[in-house]
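K.L.:
The following file, structure_12.cif, comprises mmCIF, C-alpha atoms and all ligand atoms:
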data_input
loop_
_atom_site.label_atom_id
_atom_site.label_comp_id
_atom_site.auth_asym_id
_atom_site.auth_seq_id
_atom_site.Cartn_x
_atom_site.Cartn_y
_atom_site.Cartn_z
CA MET A 1 117.22 113.69 -27.31
CA SER A 2 115.54 112.16 -24.26
CA TRP A 3 114.02 115.61 -23.55
CA LEU A 4 112.41 115.75 -27.01
CA LEU A 5 111.17 112.19 -26.66
CA GLY A 6 109.90 112.99 -23.16
CA ALA A 7 108.04 116.07 -24.38
CA GLY A 8 106.50 114.00 -27.18
CA LEU A 9 105.39 111.18 -24.88
CA ALA A 10 104.16 113.51 -22.13
CA GLY A 11 102.32 115.55 -24.75
CA ALA A 12 100.64 112.44 -26.16
CA ILE A 13 99.55 111.21 -22.71
CA ALA A 14 98.36 114.68 -21.65
CA LEU A 15 96.42 115.13 -24.90
CA GLY A 16 94.78 111.71 -24.45
CA ALA A 17 93.92 112.55 -20.84
CA TYR A 18 92.51 115.91 -21.94
CA TYR A 19 90.22 114.28 -24.51
CA ALA A 20 89.25 111.57 -21.98
CA ARG A 21 88.27 114.49 -19.68
CA LEU A 22 90.75 113.43 -16.99
CA LEU A 23 92.60 116.77 -17.22
CA THR A 24 91.56 120.37 -17.94
CA ALA A 25 93.60 122.26 -20.57
CA GLY A 26 95.67 123.87 -17.78
CA GLY A 27 96.08 120.48 -16.12
CA ALA A 28 97.30 119.00 -19.41
CA TRP A 29 99.95 121.73 -19.84
CA ALA A 30 101.13 121.16 -16.26
CA ALA A 31 101.29 117.40 -16.93
CA VAL A 32 103.45 118.03 -20.03
CA LEU A 33 105.96 120.04 -17.93
CA VAL A 34 106.03 117.37 -15.21
CA GLY A 35 106.29 114.47 -17.67
CA THR A 36 109.00 116.12 -19.78
CA SER A 37 111.11 116.80 -16.67
CA VAL A 38 110.76 113.22 -15.42
CA PHE A 39 111.45 111.52 -18.75
CA GLY A 40 114.16 114.01 -19.70
CA VAL A 41 116.10 113.34 -16.49
CA GLY A 42 115.29 109.70 -15.80
CA GLY A 43 113.90 108.11 -18.97
CA VAL A 44 111.47 105.21 -19.04
CA TRP A 45 112.21 103.70 -15.62
CA ALA A 46 111.75 106.98 -13.79
CA SER A 47 108.53 107.65 -15.69
CA LEU A 48 107.03 104.32 -14.68
CA PRO A 49 105.98 105.28 -11.09
CA MET A 50 104.69 108.67 -12.31
CA ILE A 51 102.53 106.96 -14.95
CA ALA A 52 101.42 104.35 -12.39
CA PHE A 53 100.34 107.15 -10.04
CA PHE A 54 98.49 109.09 -12.73
CA ALA A 55 96.79 106.00 -14.17
CA THR A 56 95.69 104.56 -10.83
CA SER A 57 94.44 107.85 -9.42
CA SER A 58 92.44 108.49 -12.60
CA LEU A 59 91.04 104.99 -12.96
CA LEU A 60 90.67 103.87 -9.33
CA PRO A 61 87.16 105.30 -8.78
CA ARG A 62 85.86 103.30 -11.75
CA ALA A 63 87.87 100.17 -10.83
CA LEU A 64 86.35 100.25 -7.33
CA GLY A 65 82.90 100.32 -8.85
CA ARG A 66 82.03 103.97 -8.43
CA PRO A 67 80.46 104.75 -11.78
CA HIS A 68 80.69 108.52 -11.42
CA ARG A 69 82.51 110.50 -14.06
CA PRO A 70 86.11 111.02 -12.97
CA GLU A 71 86.92 114.52 -11.86
CA GLN A 72 88.84 116.61 -14.38
CA ARG A 73 92.13 117.57 -12.76
CA THR A 74 93.14 121.24 -12.89
CA ALA A 75 96.67 122.67 -13.12
CA ALA A 76 96.56 123.40 -9.36
CA GLN A 77 95.75 119.74 -8.66
CA VAL A 78 98.52 118.53 -10.98
CA TRP A 79 101.08 120.81 -9.30
CA ALA A 80 99.85 119.85 -5.81
CA ASN A 81 101.03 116.28 -6.46
CA GLY A 82 103.53 116.86 -9.27
CA LEU A 83 105.69 119.76 -8.09
CA ALA A 84 107.64 117.82 -5.43
CA PRO A 85 108.67 114.95 -7.77
CA THR A 86 109.47 117.48 -10.53
CA LEU A 87 111.71 119.49 -8.19
CA CYS A 88 113.55 116.27 -7.32
CA CYS A 89 114.24 115.71 -11.05
CA TRP A 90 115.56 119.26 -11.37
CA GLY A 91 117.66 118.59 -8.27
CA ILE A 92 119.40 115.79 -10.17
CA LEU A 93 120.28 118.25 -12.97
CA LEU A 94 121.78 120.68 -10.46
CA TYR A 95 123.44 118.14 -8.15
CA PRO A 96 124.09 115.01 -10.24
CA TRP A 97 126.35 113.54 -7.55
CA ARG A 98 123.28 113.35 -5.25
CA GLU A 99 121.25 111.47 -7.84
CA SER A 100 120.25 108.46 -5.72
CA ALA A 101 119.06 110.73 -2.86
CA PHE A 102 116.90 112.77 -5.22
CA TRP A 103 115.39 109.62 -6.70
CA LEU A 104 114.39 108.50 -3.22
CA GLY A 105 112.75 111.91 -2.63
CA TYR A 106 111.03 111.61 -6.01
CA CYS A 107 109.67 108.13 -5.21
CA ALA A 108 108.68 109.01 -1.65
CA SER A 109 106.68 112.07 -2.74
CA LEU A 110 104.90 110.04 -5.44
CA ALA A 111 104.18 107.27 -2.94
CA ALA A 112 102.71 109.87 -0.56
CA ALA A 113 100.53 111.34 -3.30
CA ALA A 114 99.31 107.86 -4.25
CA ALA A 115 98.70 106.88 -0.61
CA ASP A 116 96.56 109.98 -0.11
CA THR A 117 94.55 109.36 -3.30
CA TRP A 118 94.08 105.64 -2.60
CA ALA A 119 93.11 106.30 1.02
CA THR A 120 90.44 108.77 -0.09
CA GLU A 121 89.06 106.35 -2.70
CA PHE A 122 89.10 103.27 -0.44
CA GLY A 123 87.68 105.23 2.49
CA THR A 124 84.89 106.71 0.39
CA GLN A 125 84.02 103.37 -1.17
CA PHE A 126 84.36 100.89 1.69
CA ALA A 127 84.37 102.66 5.06
CA LYS A 128 81.17 102.92 7.07
CA GLY A 129 82.41 105.99 8.85
CA ALA A 130 85.56 107.89 9.66
CA ARG A 131 87.04 109.67 12.62
CA HIS A 132 88.66 113.05 12.78
CA LEU A 133 92.41 112.62 13.21
CA THR A 134 92.89 115.14 16.03
CA THR A 135 89.52 115.18 17.82
CA GLY A 136 88.61 111.48 17.34
CA LYS A 137 85.01 112.48 16.67
CA PRO A 138 83.03 110.60 14.01
CA VAL A 139 82.91 112.68 10.80
CA PRO A 140 81.52 112.02 7.31
CA LYS A 141 83.97 109.89 5.30
CA GLY A 142 85.97 111.81 2.74
CA THR A 143 86.35 114.78 5.09
CA SER A 144 89.88 116.25 5.07
CA GLY A 145 91.70 115.16 8.19
CA ALA A 146 89.51 112.09 8.65
CA LEU A 147 90.86 108.56 8.94
CA SER A 148 89.17 105.20 8.51
CA ASN A 149 90.62 101.68 8.70
CA GLU A 150 89.63 100.93 5.11
CA GLY A 151 91.17 104.19 3.87
CA THR A 152 94.38 103.53 5.80
CA ILE A 153 94.71 100.08 4.22
CA GLY A 154 94.08 101.59 0.79
CA GLY A 155 96.76 104.21 1.45
CA LEU A 156 99.28 101.54 2.42
CA LEU A 157 98.49 99.59 -0.77
CA GLY A 158 98.90 102.72 -2.91
CA ALA A 159 102.24 103.59 -1.31
CA PHE A 160 103.47 100.02 -1.76
CA LEU A 161 102.43 99.88 -5.42
CA ILE A 162 104.33 103.08 -6.24
CA ALA A 163 107.34 101.90 -4.22
CA ALA A 164 107.33 98.66 -6.23
CA ALA A 165 107.19 100.64 -9.48
CA CYS A 166 110.19 102.62 -8.17
CA TRP A 167 112.31 99.49 -7.72
CA PRO A 168 114.36 100.05 -10.94
CA ILE A 169 115.39 103.59 -9.90
CA VAL A 170 115.86 103.23 -6.14
CA GLY A 171 116.72 99.54 -6.05
CA GLY A 172 116.68 96.95 -3.31
CA PRO A 173 114.17 95.70 -0.73
CA THR A 174 115.34 98.11 1.99
CA ARG A 175 114.56 101.13 -0.16
CA LEU A 176 111.25 99.58 -1.19
CA PHE A 177 110.21 99.58 2.47
CA ILE A 178 111.64 103.05 3.11
CA THR A 179 109.67 104.41 0.14
CA THR A 180 106.48 102.69 1.28
CA GLY A 181 106.98 103.98 4.83
CA LEU A 182 107.66 107.55 3.69
CA GLY A 183 104.61 107.44 1.43
CA PHE A 184 102.46 106.19 4.29
CA GLY A 185 103.92 108.83 6.62
CA GLY A 186 103.17 111.48 4.01
CA MET A 187 99.54 110.37 3.94
CA LEU A 188 99.32 110.75 7.72
CA LEU A 189 100.95 114.20 7.50
CA ASP A 190 98.42 115.11 4.81
CA SER A 191 95.58 114.08 7.14
CA LEU A 192 97.12 115.98 10.04
CA LEU A 193 97.47 119.18 7.99
CA GLY A 194 93.97 118.63 6.62
CA ALA A 195 92.66 118.36 10.17
CA THR A 196 94.47 121.45 11.45
CA LEU A 197 95.58 123.99 8.83
CA GLN A 198 93.01 123.43 6.10
CA ALA A 199 90.24 126.00 5.92
CA ARG A 200 86.64 125.04 6.60
CA PHE A 201 83.74 127.24 5.74
CA ALA A 202 80.18 127.55 7.00
CA CYS A 203 77.47 128.42 4.49
CA PRO A 204 75.21 131.24 5.69
CA SER A 205 72.40 129.92 3.49
CA CYS A 206 72.19 126.11 4.02
CA ARG A 207 74.21 126.22 7.27
CA LYS A 208 76.35 123.26 6.18
CA GLU A 209 80.03 123.25 7.06
CA GLY A 210 82.53 122.12 4.45
CA GLU A 211 85.66 122.79 2.42
CA ARG A 212 84.04 124.91 -0.24
CA ARG A 213 84.57 128.64 -0.23
CA ILE A 214 81.37 129.21 -2.20
CA CYS A 215 78.16 127.34 -1.32
CA CYS A 216 74.60 127.93 -2.49
CA GLY A 217 75.98 130.69 -4.72
CA VAL A 218 77.18 132.78 -1.78
CA LEU A 219 80.55 133.29 -0.09
CA ALA A 220 80.79 131.01 2.95
CA THR A 221 82.40 132.28 6.15
CA PRO A 222 85.70 130.72 7.32
CA VAL A 223 85.25 128.85 10.60
CA ARG A 224 88.49 126.92 11.07
CA GLY A 225 92.04 126.65 9.70
CA LEU A 226 93.85 129.20 7.54
CA SER A 227 91.52 130.65 4.94
CA TRP A 228 94.05 130.31 2.07
CA VAL A 229 94.91 126.66 2.79
CA ASP A 230 92.81 124.34 0.64
CA ASN A 231 93.20 120.64 -0.17
CA ASN A 232 95.73 121.41 -2.94
CA ALA A 233 97.89 123.46 -0.56
CA VAL A 234 97.81 120.59 1.97
CA ASN A 235 98.78 118.05 -0.71
CA LEU A 236 101.59 120.31 -1.95
CA LEU A 237 102.95 120.90 1.54
CA SER A 238 102.90 117.23 2.55
CA THR A 239 104.47 115.96 -0.70
CA LEU A 240 107.21 118.63 -0.46
CA CYS A 241 107.94 117.60 3.15
CA VAL A 242 108.12 113.91 2.23
CA ALA A 243 110.38 114.67 -0.76
CA ALA A 244 112.71 116.64 1.52
CA VAL A 245 112.83 113.79 4.05
CA GLY A 246 113.45 111.30 1.23
CA VAL A 247 116.38 113.33 -0.15
CA TRP A 248 117.76 113.70 3.36
CA VAL A 249 117.45 109.97 4.14
CA GLY A 250 118.85 109.04 0.72
ZN ZN B 301 75.13 126.11 1.21
#
Written as structure tokens, that's how I'd like the structure from this file.
Ligand SMILES: [Zn+2]
P.N.:
Amino acid sequence: MSWLLGAGLAGAIALGAYYARLLTAGGAWAAVLVGTSVFGVGGVWASLPMIAFFATSSLLPRALGRPHRPEQRTAAQVWANGLAPTLCCWGILLYPWRESAFWLGYCASLAAAAADTWATEFGTQFAKGARHLTTGKPVPKGTSGALSNEGTIGGLLGAFLIAAACWPIVGGPTRLFITTGLGFGGMLLDSLLGATLQARFACPSCRKEGERRICCGVLATPVRGLSWVDNNAVNLLSTLCVAAVGVWVG
């Protein structure tokens, strides 16, 4: 019964997000699978942090006063942040006696995803500049692997908000701080992987270096990182790591 209700609710939210141009069609289908798993296993209270993450990451740019049209999230972007929490829900089905550990992994991975999103938004909006995490050199804000004070504060706020929304399923002030800490740690791991593994490409036409594989209509040449590791792969890897640590700690 809760699975049917979950599918209905997730379908309604995904359809609304699709028509609001927050999700592509593929992104909406992925969101239905994620939402059904979460509601089916954990009901309303487990869905709360997931909805808080989705709502804040979709609405934050506008709330911070950036009037640009929000980016439509693709299936790859939904899975990059949604696979780790979904796997934790499936973990509860397979190992119900480890339920509380899997909920901590679920919350920690969501807190990490939120921290990363909030850090990017706060950094882009408020920071004057950012520094590369491993080289310390000034880089344009918003660059993968860059850190700014404003972004870091935003990330901490995002992690704390999700941890607070997780209170009913993880319970207690200690776990609130553990979840916040794991989320914040996940954001740092995301930056570290973004600074090291993530591919960067140089455009042969405009000579700019960036994260895009195709620039000026031509294929850019890889200059750093692993050519198949993009921002989604980095997000996926860091949220999976944080979920694993959360389950282990829990
Ligand atoms: Zn170019």
K.L.:
Using only C-alpha atoms and all ligand atoms, find the one residue out of A:Cys216, A:Leu156, A:Cys89, A:Leu104 that sits nearest to ligand ZN 301 (chain B).
P.N.:
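With only C-alpha atoms and all ligand atoms as the atom set, the closest residue is A:Cys216.
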K.L.:
Would you mind telling me which residue in A:Leu219, A:Leu237, A:Cys166, A:Ala111 lies nearest to Gly181 of chain A when using only C-alpha atoms?
P.N.:
A:Ala111
K.L.:
Could you check how far atom CA of Gly91 of chain A sits from atom CA of Gly42 of chain A, in Å to one decimal?
P.N.:
11.9 Å
K.L.:
Counting all atoms listed in the file, which of A:Thr24, A:Gln77, A:Trp103, A:Trp97 gets nearest to Trp45 of chain A?
P.N.:
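For Trp45 of chain A, the nearest of the candidates is A:Trp103.
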K.L.:
So that I can check the surroundings of Phe126 of chain A, please list as number ranges by chain every protein, DNA and RNA residue that reaches within 8 Å of it, counting all atoms listed in the file and ignoring chain neighbours fewer than 2 positions away.
P.N.:
A: 122-124, 128, 150-151
K.L.:
Which of these, A:Gly65, A:Trp248, A:Phe177, A:Tyr95, has the shortest distance to Gln125 of chain A once you count only C-alpha atoms?
P.N.:
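So, comparing all the options, the nearest one is A:Gly65.
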K.L.:
Could you tell me how far atom CA of Thr36 of chain A lies from atom CA of Tyr19 of chain A, in Å and to one decimal?
P.N.:
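Computed distance, atom CA of Thr36 of chain A to atom CA of Tyr19 of chain A, equals 19.5 Å.
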K.L.:
Do you know which residues are at most 7 Å from Ala52 of chain A counting all atoms listed in the file, after dropping those on the same chain fewer than 4 positions away, and could you put them as JSON, numbers by chain?
P.N.:
{"A": [48, 56, 162]}
K.L.:
Skipping near chain neighbours, those fewer than 5 positions away, what residues fall within 10 Å of Trp118 of chain A using only C-alpha atoms, listed as a ChimeraX atom specification?
P.N.:
/A:53,56-57,60-61,112-113,123-124,151-159,187
K.L.:
Could you take the residues named above and write them with C-alpha atoms, as an mmCIF file, keeping the file's coordinate frame?
P.N.:
data_model
loop_
_atom_site.group_PDB
_atom_site.id
_atom_site.type_symbol
_atom_site.label_atom_id
_atom_site.label_comp_id
_atom_site.auth_asym_id
_atom_site.auth_seq_id
_atom_site.Cartn_x
_atom_site.Cartn_y
_atom_site.Cartn_z
ATOM 1 C CA PHE A 53 100.340 107.150 -10.040
ATOM 2 C CA THR A 56 95.690 104.560 -10.830
ATOM 3 C CA SER A 57 94.440 107.850 -9.420
ATOM 4 C CA LEU A 60 90.670 103.870 -9.330
ATOM 5 C CA PRO A 61 87.160 105.300 -8.780
ATOM 6 C CA ALA A 112 102.710 109.870 -0.560
ATOM 7 C CA ALA A 113 100.530 111.340 -3.300
ATOM 8 C CA GLY A 123 87.680 105.230 2.490
ATOM 9 C CA THR A 124 84.890 106.710 0.390
ATOM 10 C CA GLY A 151 91.170 104.190 3.870
ATOM 11 C CA THR A 152 94.380 103.530 5.800
ATOM 12 C CA ILE A 153 94.710 100.080 4.220
ATOM 13 C CA GLY A 154 94.080 101.590 0.790
ATOM 14 C CA GLY A 155 96.760 104.210 1.450
ATOM 15 C CA LEU A 156 99.280 101.540 2.420
ATOM 16 C CA LEU A 157 98.490 99.590 -0.770
ATOM 17 C CA GLY A 158 98.900 102.720 -2.910
ATOM 18 C CA ALA A 159 102.240 103.590 -1.310
ATOM 19 C CA MET A 187 99.540 110.370 3.940
#
K.L.:
For Thr196 of chain A, list every protein, DNA or RNA residue within 9 Å, evaluated using all atoms listed in the file, and leave out those in the same chain fewer than 2 positions away; present the list as a ChimeraX atom specification.
P.N.:
/A:134,145,191-194,198-199,224-226
K.L.:
List as a VMD selection string the protein and nucleic acid residues lying within 10 Å of ligand ZN 301 (chain B), with all atoms listed in the file counted.
P.N.:
chain A and resid 201 to 210 212 to 220
K.L.:
Which of these, A:Gly105, A:Ser47, A:Ala127, A:Leu4, has the shortest distance to Pro140 of chain A once you count all atoms listed in the file?
P.N.:
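Smallest distance to Pro140 of chain A is found for A:Ala127.
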K.L.:
Let me make sure I understand: among A:Ile92, A:Ala84, A:Leu236, A:Leu133, which one has the smallest atom-to-atom distance to Leu110 of chain A if we use all atoms listed in the file?
P.N.:
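Among the listed residues, A:Ala84 lies closest to Leu110 of chain A.
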K.L.:
Work out how far atom CA of Ala163 of chain A is from atom CA of Trp79 of chain A, in Å to one decimal.
P.N.:
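So the two atoms, atom CA of Trp79 of chain A and atom CA of Ala163 of chain A, lie 20.6 Å apart.
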K.L.:
Within 8 Å of Ala108 of chain A, counting only C-alpha atoms, which residues qualify if same-chain residues fewer than 5 places away don't, as a VMD selection string?
P.N.:
chain A and resid 163 179 to 180 182 to 183 242 to 243 246
